[in-house]
>>> print(open('work.pdb').read())   # PDB, C-alpha atoms
ATOM      1  CA  MET A   1      65.030 131.921  50.621
ATOM      2  CA  ASN A   2      62.663 132.144  53.571
ATOM      3  CA  ALA A   3      58.912 131.906  53.992
ATOM      4  CA  PRO A   4      57.120 135.258  54.587
ATOM      5  CA  ASN A   5      56.823 134.675  58.365
ATOM      6  CA  GLY A   6      60.621 134.479  58.620
ATOM      7  CA  GLN A   7      60.655 130.711  59.198
ATOM      8  CA  THR A   8      62.575 128.520  56.790
ATOM      9  CA  SER A   9      60.237 126.189  54.945
ATOM     10  CA  PRO A  10      61.220 122.525  54.938
ATOM     11  CA  PRO A  11      62.683 121.468  51.611
ATOM     12  CA  LYS A  12      60.505 119.409  49.323
ATOM     13  CA  LEU A  13      62.621 116.326  48.954
ATOM     14  CA  TRP A  14      62.615 113.855  46.161
ATOM     15  CA  ILE A  15      62.039 110.350  47.426
ATOM     16  CA  ARG A  16      63.465 107.557  45.304
ATOM     17  CA  THR A  17      61.284 104.622  44.408
ATOM     18  CA  ALA A  18      63.157 101.542  45.514
ATOM     19  CA  GLU A  19      63.182  98.465  43.310
ATOM     20  CA  TYR A  20      61.860  96.114  45.962
ATOM     21  CA  ALA A  21      60.419  93.586  43.475
ATOM     22  CA  ASP A  22      63.902  92.685  42.263
ATOM     23  CA  ASP A  23      65.107  92.299  45.849
ATOM     24  CA  ALA A  24      62.328  89.853  46.761
ATOM     25  CA  ALA A  25      63.083  87.619  43.769
ATOM     26  CA  ARG A  26      66.780  87.664  44.568
ATOM     27  CA  VAL A  27      66.217  86.804  48.227
ATOM     28  CA  GLU A  28      64.019  83.885  47.194
ATOM     29  CA  ARG A  29      66.749  82.570  44.906
ATOM     30  CA  VAL A  30      69.369  82.769  47.666
ATOM     31  CA  LEU A  31      67.061  81.117  50.179
ATOM     32  CA  ALA A  32      66.457  78.335  47.653
ATOM     33  CA  GLY A  33      70.200  77.688  47.760
ATOM     34  CA  ASP A  34      71.327  79.557  44.639
ATOM     35  CA  GLN A  35      74.946  80.334  45.548
ATOM     36  CA  ARG A  36      75.548  82.298  42.370
ATOM     37  CA  ALA A  37      72.719  84.686  43.297
ATOM     38  CA  PHE A  38      74.338  85.282  46.679
ATOM     39  CA  GLY A  39      77.753  85.752  45.051
ATOM     40  CA  ASP A  40      76.241  88.351  42.699
ATOM     41  CA  LEU A  41      74.669  90.116  45.655
ATOM     42  CA  VAL A  42      78.024  90.286  47.456
ATOM     43  CA  ARG A  43      79.747  91.591  44.308
ATOM     44  CA  GLN A  44      77.061  94.227  43.723
ATOM     45  CA  TYR A  45      77.104  95.758  47.196
ATOM     46  CA  HIS A  46      80.687  95.000  48.243
ATOM     47  CA  GLY A  47      82.120  98.341  47.058
ATOM     48  CA  LEU A  48      79.416 100.416  48.713
ATOM     49  CA  CYS A  49      79.625  98.432  51.968
ATOM     50  CA  TYR A  50      83.412  98.730  52.015
ATOM     51  CA  HIS A  51      83.228 102.488  51.448
ATOM     52  CA  VAL A  52      80.715 102.945  54.263
ATOM     53  CA  SER A  53      82.738 100.826  56.677
ATOM     54  CA  TYR A  54      86.003 102.524  55.714
ATOM     55  CA  LYS A  55      84.463 105.963  56.236
ATOM     56  CA  VAL A  56      83.566 104.963  59.802
ATOM     57  CA  LEU A  57      86.739 103.038  60.678
ATOM     58  CA  ARG A  58      89.354 104.654  58.399
ATOM     59  CA  ASN A  59      91.270 101.395  58.367
ATOM     60  CA  ALA A  60      91.373  99.163  55.288
ATOM     61  CA  GLY A  61      91.900  95.873  57.154
ATOM     62  CA  ASP A  62      89.106  96.525  59.645
ATOM     63  CA  ALA A  63      86.716  97.634  56.902
ATOM     64  CA  GLU A  64      87.408  94.503  54.863
ATOM     65  CA  GLU A  65      86.825  92.290  57.883
ATOM     66  CA  ILE A  66      83.579  94.074  58.761
ATOM     67  CA  VAL A  67      82.254  93.698  55.209
ATOM     68  CA  GLN A  68      82.968  89.965  55.270
ATOM     69  CA  ASP A  69      81.317  89.566  58.671
ATOM     70  CA  ALA A  70      78.344  91.610  57.456
ATOM     71  CA  PHE A  71      77.772  89.424  54.397
ATOM     72  CA  ILE A  72      78.014  86.277  56.517
ATOM     73  CA  LYS A  73      75.366  87.792  58.786
ATOM     74  CA  VAL A  74      73.297  88.721  55.734
ATOM     75  CA  HIS A  75      73.456  85.120  54.509
ATOM     76  CA  GLY A  76      72.307  83.836  57.877
ATOM     77  CA  ALA A  77      69.565  86.401  58.367
ATOM     78  CA  LEU A  78      68.196  86.662  54.831
ATOM     79  CA  ALA A  79      65.103  84.657  55.794
ATOM     80  CA  GLU A  80      64.232  87.510  58.180
ATOM     81  CA  PHE A  81      64.338  90.116  55.394
ATOM     82  CA  ARG A  82      60.787  91.497  55.274
ATOM     83  CA  GLY A  83      61.170  93.799  52.286
ATOM     84  CA  GLU A  84      60.143  96.871  54.319
ATOM     85  CA  ALA A  85      63.334  98.577  53.141
ATOM     86  CA  SER A  86      65.401  97.829  50.057
ATOM     87  CA  LEU A  87      67.926  95.031  50.312
ATOM     88  CA  LYS A  88      70.666  97.638  49.879
ATOM     89  CA  THR A  89      69.675  99.667  52.947
ATOM     90  CA  TRP A  90      69.037  96.473  54.936
ATOM     91  CA  ILE A  91      72.574  95.253  54.193
ATOM     92  CA  LEU A  92      74.077  98.696  54.807
ATOM     93  CA  ARG A  93      72.354  98.909  58.162
ATOM     94  CA  ILE A  94      74.119  95.693  59.178
ATOM     95  CA  VAL A  95      77.470  97.066  57.907
ATOM     96  CA  TRP A  96      76.817 100.361  59.700
ATOM     97  CA  ARG A  97      76.033  98.692  63.046
ATOM     98  CA  LEU A  98      79.027  96.355  62.851
ATOM     99  CA  SER A  99      81.319  99.250  61.923
ATOM    100  CA  LEU A 100      80.089 101.376  64.851
ATOM    101  CA  ASN A 101      80.543  98.434  67.217
ATOM    102  CA  ARG A 102      84.100  97.919  65.953
ATOM    103  CA  GLN A 103      84.807 101.629  66.321
ATOM    104  CA  ARG A 104      83.520 101.533  69.899
ATOM    105  CA  ASP A 105      85.635  98.467  70.740
ATOM    106  CA  ARG A 106      88.657 100.065  69.130
ATOM    107  CA  SER A 107      88.272 103.328  71.010
ATOM    108  CA  ARG A 108      88.481 101.344  74.255
ATOM    109  CA  SER A 109      91.634  99.528  73.192
ATOM    110  CA  ALA A 110      95.139 100.407  74.317
ATOM    111  CA  TRP A 111      96.230 100.876  70.681
ATOM    112  CA  SER A 112      93.627 103.569  70.227
ATOM    113  CA  ARG A 113      94.648 105.343  73.421
ATOM    114  CA  LEU A 114      98.191 105.436  72.083
ATOM    115  CA  GLY A 115      96.920 106.731  68.735
ATOM    116  CA  LEU A 116      98.273 103.715  66.827
ATOM    117  CA  ASP A 117      95.048 102.311  65.370
ATOM    118  CA  GLY A 118      94.832 104.351  62.160
ATOM    119  CA  ASP A 119      95.642 103.097  58.695
ATOM    120  CA  ALA A 120      99.152 104.534  58.781
ATOM    121  CA  GLU A 121     100.467 102.031  56.247
ATOM    122  CA  ALA A 122      97.881 103.060  53.640
ATOM    123  CA  ASP A 123      98.543 106.744  54.319
ATOM    124  CA  VAL A 124     102.299 106.291  53.919
ATOM    125  CA  GLU A 125     101.761 104.325  50.700
ATOM    126  CA  MET A 126      99.465 107.040  49.345
ATOM    127  CA  VAL A 127     101.945 109.804  50.144
ATOM    128  CA  ARG A 128     104.818 107.765  48.672
ATOM    129  CA  SER A 129     102.983 107.120  45.407
ATOM    130  CA  ARG A 130     102.098 110.790  45.051
ATOM    131  CA  SER A 131     105.394 112.162  46.244
ATOM    132  CA  ALA A 132     107.306 110.490  43.403
ATOM    133  CA  GLU A 133     106.198 113.288  41.076
ATOM    134  CA  HIS A 134     105.261 116.233  43.329
ATOM    135  CA  PRO A 135     106.625 115.908  46.876
ATOM    136  CA  ASP A 136     105.330 119.322  47.995
ATOM    137  CA  ARG A 137     101.869 118.705  46.658
ATOM    138  CA  ALA A 138     101.726 115.257  48.267
ATOM    139  CA  TYR A 139     102.648 116.672  51.659
ATOM    140  CA  GLN A 140     100.085 119.440  51.275
ATOM    141  CA  ALA A 141      97.356 116.984  50.261
ATOM    142  CA  GLN A 142      98.092 114.782  53.264
ATOM    143  CA  ASP A 143      98.126 117.797  55.572
ATOM    144  CA  THR A 144      94.772 118.979  54.199
ATOM    145  CA  LYS A 145      93.304 115.505  54.584
ATOM    146  CA  GLU A 146      94.405 115.309  58.213
ATOM    147  CA  LYS A 147      92.941 118.730  58.988
ATOM    148  CA  VAL A 148      89.633 117.829  57.344
ATOM    149  CA  LEU A 149      89.450 114.511  59.220
ATOM    150  CA  GLU A 150      90.175 116.292  62.509
ATOM    151  CA  ALA A 151      87.420 118.795  61.739
ATOM    152  CA  ILE A 152      85.004 115.937  60.951
ATOM    153  CA  ASP A 153      85.903 114.301  64.271
ATOM    154  CA  ARG A 154      85.015 117.522  66.090
ATOM    155  CA  LEU A 155      81.433 117.454  64.749
ATOM    156  CA  PRO A 156      78.675 116.336  67.123
ATOM    157  CA  GLU A 157      78.038 112.601  66.614
ATOM    158  CA  PRO A 158      74.587 112.778  64.926
ATOM    159  CA  LEU A 159      75.871 115.345  62.405
ATOM    160  CA  ARG A 160      79.058 113.390  61.797
ATOM    161  CA  GLN A 161      77.141 110.153  61.221
ATOM    162  CA  ALA A 162      74.850 111.767  58.640
ATOM    163  CA  LEU A 163      77.790 113.365  56.835
ATOM    164  CA  VAL A 164      79.829 110.159  56.822
ATOM    165  CA  LEU A 165      76.960 107.994  55.605
ATOM    166  CA  HIS A 166      75.944 110.429  52.911
ATOM    167  CA  GLY A 167      78.073 111.152  49.859
ATOM    168  CA  PHE A 168      77.387 108.182  47.599
ATOM    169  CA  GLU A 169      75.424 108.423  44.402
ATOM    170  CA  GLU A 170      73.668 105.213  45.365
ATOM    171  CA  LEU A 171      72.549 106.588  48.735
ATOM    172  CA  GLY A 172      69.929 109.308  48.914
ATOM    173  CA  TYR A 173      68.588 111.057  52.005
ATOM    174  CA  ASP A 174      65.808 108.469  52.217
ATOM    175  CA  ASP A 175      68.331 105.604  52.296
ATOM    176  CA  VAL A 176      70.406 107.377  54.949
ATOM    177  CA  ALA A 177      67.199 107.944  56.942
ATOM    178  CA  ARG A 178      66.388 104.217  56.848
ATOM    179  CA  ILE A 179      69.902 103.247  57.899
ATOM    180  CA  LEU A 180      70.013 105.755  60.767
ATOM    181  CA  GLN A 181      66.297 105.162  61.530
ATOM    182  CA  VAL A 182      65.391 108.857  61.630
ATOM    183  CA  PRO A 183      62.997 110.913  59.443
ATOM    184  CA  VAL A 184      64.232 112.139  56.040
ATOM    185  CA  GLY A 185      63.877 115.777  57.168
ATOM    186  CA  THR A 186      66.219 115.062  60.089
ATOM    187  CA  VAL A 187      68.832 113.662  57.712
ATOM    188  CA  CYS A 188      68.555 116.792  55.551
ATOM    189  CA  SER A 189      68.969 119.075  58.526
ATOM    190  CA  ARG A 190      71.871 117.061  59.979
ATOM    191  CA  ILE A 191      73.761 116.993  56.685
ATOM    192  CA  HIS A 192      73.313 120.727  56.248
ATOM    193  CA  GLY A 193      74.278 121.406  59.868
ATOM    194  CA  ALA A 194      77.381 119.234  59.499
ATOM    195  CA  ARG A 195      78.473 121.025  56.329
ATOM    196  CA  ARG A 196      77.988 124.465  57.854
ATOM    197  CA  LYS A 197      79.945 123.615  60.993
ATOM    198  CA  LEU A 198      82.642 121.942  58.927
ATOM    199  CA  ALA A 199      82.836 124.927  56.556
ATOM    200  CA  ASP A 200      83.240 127.313  59.524
ATOM    201  CA  ASP A 201      85.949 125.115  61.035
ATOM    202  CA  LEU A 202      87.813 124.707  57.738
ATOM    203  CA  GLN A 203      87.547 128.429  57.029
ATOM    204  CA  ARG A 204      89.293 129.178  60.320
ATOM    205  CA  ARG A 205      92.106 126.889  59.105
ATOM    206  CA  GLY A 206      92.213 128.589  55.716
ATOM    207  CA  LEU A 207      90.989 125.569  53.780
ATOM    208  CA  VAL A 208      87.677 126.964  52.488
TER     209      VAL A 208
ATOM    210  CA  MET B   1      81.344 141.271  44.333
ATOM    211  CA  SER B   2      79.714 144.390  45.784
ATOM    212  CA  MET B   3      80.224 145.457  49.399
ATOM    213  CA  TRP B   4      76.555 144.685  50.098
ATOM    214  CA  SER B   5      76.942 141.169  48.721
ATOM    215  CA  ARG B   6      80.071 140.610  50.812
ATOM    216  CA  MET B   7      78.278 141.776  53.956
ATOM    217  CA  ARG B   8      75.322 139.596  53.149
ATOM    218  CA  VAL B   9      77.564 136.569  52.673
ATOM    219  CA  TRP B  10      79.378 137.156  55.956
ATOM    220  CA  PHE B  11      76.459 138.155  58.129
ATOM    221  CA  GLY B  12      73.821 136.181  56.256
ATOM    222  CA  TRP B  13      75.932 133.053  56.571
ATOM    223  CA  ARG B  14      76.380 133.393  60.302
ATOM    224  CA  LEU B  15      72.846 134.511  61.077
ATOM    225  CA  GLY B  16      71.169 132.171  58.593
ATOM    226  CA  SER B  17      69.716 135.045  56.492
ATOM    227  CA  GLY B  18      67.274 136.119  59.164
ATOM    228  CA  GLY B  19      66.052 132.606  60.034
ATOM    229  CA  GLY B  20      67.481 129.179  60.750
ATOM    230  CA  PRO B  21      69.936 127.475  58.450
ATOM    231  CA  ASP B  22      68.504 126.939  54.997
ATOM    232  CA  GLU B  23      68.607 123.224  54.422
ATOM    233  CA  ARG B  24      67.389 123.631  50.872
ATOM    234  CA  LEU B  25      70.915 124.587  49.839
ATOM    235  CA  SER B  26      72.327 121.215  50.842
ATOM    236  CA  ALA B  27      69.316 119.391  49.408
ATOM    237  CA  PHE B  28      69.930 121.286  46.148
ATOM    238  CA  ILE B  29      73.630 120.345  46.096
ATOM    239  CA  ASP B  30      72.768 116.696  46.713
ATOM    240  CA  GLY B  31      70.083 116.586  44.000
ATOM    241  CA  GLU B  32      67.430 115.820  46.603
ATOM    242  CA  LEU B  33      64.892 118.519  45.697
ATOM    243  CA  ASP B  34      61.888 117.773  43.522
ATOM    244  CA  ASP B  35      61.873 119.282  40.008
ATOM    245  CA  ARG B  36      59.903 122.413  40.906
ATOM    246  CA  SER B  37      61.950 123.232  44.013
ATOM    247  CA  ARG B  38      65.173 122.591  42.125
ATOM    248  CA  GLU B  39      64.207 125.050  39.384
ATOM    249  CA  ASP B  40      63.191 127.674  41.970
ATOM    250  CA  MET B  41      66.470 127.211  43.809
ATOM    251  CA  ALA B  42      68.535 127.442  40.617
ATOM    252  CA  ALA B  43      66.780 130.725  39.764
ATOM    253  CA  GLU B  44      67.450 132.102  43.284
ATOM    254  CA  ILE B  45      71.122 131.162  43.031
ATOM    255  CA  ALA B  46      71.440 132.786  39.621
ATOM    256  CA  LEU B  47      69.918 136.024  40.921
ATOM    257  CA  ASP B  48      71.624 136.256  44.300
ATOM    258  CA  PRO B  49      75.461 136.228  44.402
ATOM    259  CA  GLY B  50      75.319 135.778  48.192
ATOM    260  CA  ILE B  51      73.449 132.492  47.892
ATOM    261  CA  CYS B  52      75.746 131.494  45.055
ATOM    262  CA  VAL B  53      78.797 131.946  47.329
ATOM    263  CA  GLN B  54      77.089 129.898  50.078
ATOM    264  CA  VAL B  55      76.416 127.081  47.629
ATOM    265  CA  GLN B  56      80.030 127.157  46.429
ATOM    266  CA  ARG B  57      81.279 127.037  50.006
ATOM    267  CA  LEU B  58      79.054 124.100  50.872
ATOM    268  CA  ARG B  59      80.123 122.282  47.694
ATOM    269  CA  MET B  60      83.791 122.876  48.441
ATOM    270  CA  THR B  61      83.311 121.603  52.006
ATOM    271  CA  GLU B  62      81.510 118.496  50.745
ATOM    272  CA  ASP B  63      84.288 117.818  48.214
ATOM    273  CA  LEU B  64      86.973 118.138  50.907
ATOM    274  CA  ALA B  65      85.088 115.843  53.283
ATOM    275  CA  HIS B  66      84.396 113.349  50.530
ATOM    276  CA  SER B  67      88.001 113.106  49.359
ATOM    277  CA  ALA B  68      89.364 112.957  52.930
ATOM    278  CA  LEU B  69      87.145 109.963  53.704
ATOM    279  CA  GLN B  70      87.915 108.050  50.503
ATOM    280  CA  PRO B  71      89.626 104.682  50.964
ATOM    281  CA  PRO B  72      93.021 104.421  49.216
ATOM    282  CA  SER B  73      91.863 101.356  47.276
ATOM    283  CA  ILE B  74      88.986  98.890  47.183
ATOM    284  CA  PRO B  75      89.643  95.167  47.678
ATOM    285  CA  ASN B  76      88.610  92.706  44.991
ATOM    286  CA  PRO B  77      84.903  91.871  45.471
ATOM    287  CA  ASP B  78      85.382  88.395  43.950
ATOM    288  CA  VAL B  79      87.791  87.429  46.721
ATOM    289  CA  CYS B  80      85.306  88.617  49.332
ATOM    290  CA  ALA B  81      82.413  86.813  47.601
ATOM    291  CA  GLU B  82      84.333  83.515  47.492
ATOM    292  CA  HIS B  83      85.462  83.823  51.091
ATOM    293  CA  VAL B  84      81.992  84.725  52.344
ATOM    294  CA  LEU B  85      80.346  81.914  50.367
ATOM    295  CA  ALA B  86      82.829  79.386  51.728
ATOM    296  CA  LEU B  87      82.195  80.534  55.289
ATOM    297  CA  ALA B  88      78.470  81.094  54.947
ATOM    298  CA  THR B  89      77.817  77.633  53.538
ATOM    299  CA  ALA B  90      79.880  75.941  56.256
ATOM    300  CA  ASP B  91      78.335  74.952  59.589
ATOM    301  CA  THR B  92      77.352  77.813  61.869
ATOM    302  CA  GLY B  93      79.925  76.676  64.438
ATOM    303  CA  GLU B  94      82.674  76.713  61.843
ATOM    304  CA  VAL B  95      81.576  80.162  60.690
ATOM    305  CA  ALA B  96      81.797  81.503  64.214
ATOM    306  CA  ALA B  97      85.226  79.981  64.685
ATOM    307  CA  ALA B  98      86.541  81.259  61.378
ATOM    308  CA  THR B  99      85.217  84.793  61.723
ATOM    309  CA  SER B 100      86.342  85.325  65.290
ATOM    310  CA  PRO B 101      89.869  86.735  65.212
ATOM    311  CA  SER B 102      90.680  85.493  68.703
ATOM    312  CA  ASN B 103      89.534  81.937  67.840
ATOM    313  CA  SER B 104      91.413  81.862  64.548
ATOM    314  CA  ARG B 105      94.648  82.639  66.368
ATOM    315  CA  VAL B 106      94.233  79.811  68.911
ATOM    316  CA  PRO B 107      95.190  76.850  66.651
ATOM    317  CA  THR B 108      98.325  78.714  65.492
ATOM    318  CA  ALA B 109      99.347  79.393  69.085
ATOM    319  CA  VAL B 110      98.685  75.774  70.105
ATOM    320  CA  LEU B 111     100.679  74.434  67.125
ATOM    321  CA  ALA B 112     103.572  76.766  67.909
ATOM    322  CA  SER B 113     103.623  75.660  71.569
ATOM    323  CA  VAL B 114     103.562  71.969  70.622
ATOM    324  CA  GLY B 115     106.380  72.568  68.116
ATOM    325  CA  LEU B 116     108.486  74.311  70.742
ATOM    326  CA  LEU B 117     107.913  71.523  73.273
ATOM    327  CA  LEU B 118     108.892  68.848  70.728
ATOM    328  CA  THR B 119     112.046  70.742  69.769
ATOM    329  CA  ALA B 120     113.004  71.189  73.418
ATOM    330  CA  GLY B 121     112.290  67.483  74.087
ATOM    331  CA  VAL B 122     114.408  66.294  71.138
ATOM    332  CA  ALA B 123     117.250  68.604  72.180
ATOM    333  CA  PHE B 124     117.064  67.368  75.776
ATOM    334  CA  VAL B 125     117.154  63.694  74.711
ATOM    335  CA  GLY B 126     120.109  64.402  72.386
ATOM    336  CA  LEU B 127     122.090  66.132  75.120
ATOM    337  CA  ARG B 128     121.285  63.359  77.581
ATOM    338  CA  ARG B 129     122.547  60.646  75.185
ATOM    339  CA  ARG B 130     125.817  62.499  74.889
ATOM    340  CA  GLY B 131     125.959  62.690  78.636
ATOM    341  CA  LEU B 132     125.949  66.431  78.712
ATOM    342  CA  VAL B 133     122.886  66.675  80.973
TER     343      VAL B 133
END
>>> encode(input="work.pdb", output="structure tokens")
Amino acid sequence: MNAPNGQTSPPKLWIRTAEYADDAARVERVLAGDQRAFGDLVRQYHGLCYHVSYKVLRNAGDAEEIVQDAFIKVHGALAEFRGEASLKTWILRIVWRLSLNRQRDRSRSAWSRLGLDGDAEADVEMVRSRSAEHPDRAYQAQDTKEKVLEAIDRLPEPLRQALVLHGFEELGYDDVARILQVPVGTVCSRIHGARRKLADDLQRRGLV
Amino acid sequence: MSMWSRMRVWFGWRLGSGGGPDERLSAFIDGELDDRSREDMAAEIALDPGICVQVQRLRMTEDLAHSALQPPSIPNPDVCAEHVLALATADTGEVAAATSPSNSRVPTAVLASVGLLLTAGVAFVGLRRRGLV
């Protein structure tokens, strides 16, 4: 596991080759006024953007609004896209920033201070749909989810951000690094650190 | 699992097996290692039950975190695409007005106020004609 001198050697990471050529052609089409190309772009990345925003905000309505705002921004700023990163990470960076801003605004609001800003309606609906067949299991699943979310909230912010942003097949460490604007090695170490801390915390609660 | 393996899992986990935390485990789980490193790691895991337990624990933690953060459902992307296209192709001023929640509520509030005033006015005139006011 370790190098002979006792130091851990940095992992040799696999860097994905982004398909930038496709992105450039697509951007050109949108800039030329091809609305269908922009519609396709929205449809392609909508799910990923929504997931990322939801993971930050944990509120379906807010996440949907942020994704819409992000794509409007993307449409307006597409001429500034330089192709230094893939279109996907460029869009996700916009979604990420908007989601963090919304989270910050929300944490200052009175609703948040009263603990009323979560997606309670969605949670209730989820429990109700599950509880029809197995009420005990539904309660247990909800309880586990709440404990895991609390444990995630206790993580230091840089670790939490890496953990939250990671976890999609479409997003590798290199994509996360571009979105967070840190080196790939830092992403690797933050994700591992987050998992270890989370595992310790969840073990104390008997979940791992 | 032997006593030695158990001790190694407990103490090795907390002390990072004599060094810092081994990030290769997470990189392995996430499929981020290059082919050679991945093969080496797989061989190490197969030979060492302690590392195997660590990998299982990290995987379980990742699964729990992943499912806890999953949205209950995903909205229809077509609806979003249509909405965004309609707003994005409109004038910048209109876009700002439509996307700002506070601005979008203003016309509703103004309309409601005007409606209330009209109703009150009509009621007042009616009462006055009957000589009640």
>>> closest_residue(input="work.pdb", among="A:Gln203, A:Arg195, A:Arg36, A:Cys49", to="chain B", atoms="all atoms listed in the file")
A:Arg195
>>> resolve_selection(input="work.pdb", expression="the PyMOL selection byres ((chain A and resi 150) around 12)", output="number ranges by chain")
A: 143-149, 151-155, 160, 198, 201-202, 205; B: 65, 68-69
>>> resolve_selection(input="work.pdb", expression="the PyMOL selection byres ((chain A and resi 75-79) around 8)", output="ChimeraX atom specification")
/A:27,31,38,71-74,80-81 /B:88
>>> residues_around(input="work.pdb", residues="Asp30 (chain B)", least_positions_apart="3", cutoff="10 Å", atoms="all atoms listed in the file", output="PyMOL selection string")
(chain A and resi 166-169+172-173+188) or (chain B and resi 24-27+33+59+62)
>>> write_last_selection(input="work.pdb", atoms="C-alpha atoms", output="PDB file, in the frame of the given file")
ATOM      1  CA  HIS A 166      75.944 110.429  52.911  1.00  0.00           C
ATOM      2  CA  GLY A 167      78.073 111.152  49.859  1.00  0.00           C
ATOM      3  CA  PHE A 168      77.387 108.182  47.599  1.00  0.00           C
ATOM      4  CA  GLU A 169      75.424 108.423  44.402  1.00  0.00           C
ATOM      5  CA  GLY A 172      69.929 109.308  48.914  1.00  0.00           C
ATOM      6  CA  TYR A 173      68.588 111.057  52.005  1.00  0.00           C
ATOM      7  CA  CYS A 188      68.555 116.792  55.551  1.00  0.00           C
TER       8      CYS A 188
ATOM      9  CA  ARG B  24      67.389 123.631  50.872  1.00  0.00           C
ATOM     10  CA  LEU B  25      70.915 124.587  49.839  1.00  0.00           C
ATOM     11  CA  SER B  26      72.327 121.215  50.842  1.00  0.00           C
ATOM     12  CA  ALA B  27      69.316 119.391  49.408  1.00  0.00           C
ATOM     13  CA  LEU B  33      64.892 118.519  45.697  1.00  0.00           C
ATOM     14  CA  ARG B  59      80.123 122.282  47.694  1.00  0.00           C
ATOM     15  CA  GLU B  62      81.510 118.496  50.745  1.00  0.00           C
TER      16      GLU B  62
END
>>> axis_aligned_box(input="work.pdb", around="region 74-86 of chain B", padding_each_side="3 Å", output="JSON")
{"center_x": 85.0, "center_y": 89.1, "center_z": 48.1, "size_x": 15.3, "size_y": 25.5, "size_z": 14.4}
>>> interface_residues(input="work.pdb", of="chain B", to="chain A", cutoff="8 Å", atoms="all atoms listed in the file", output="ChimeraX atom specification")
/B:18-27,32-34,37,44,57-58,60-62,64-72,74-75,77-78,80-85,87-88,99
>>> atom_distance(input="work.pdb", atom1="CA of Leu118 (chain B)", atom2="CA of Gly131 (chain B)")
19.8 Å
>>> atom_distance(input="work.pdb", atom1="CA of Ala90 (chain B)", atom2="CA of Ala37 (chain A)")
17.2 Å
>>> closest_residue(input="work.pdb", among="A:Asp105, A:Leu100, A:Asp175, A:Ala138", to="Leu87 (chain A)", atoms="all atoms listed in the file")
A:Asp175
>>> atom_distance(input="work.pdb", atom1="CA of Ala85 (chain A)", atom2="CA of Asp23 (chain A)")
9.8 Å
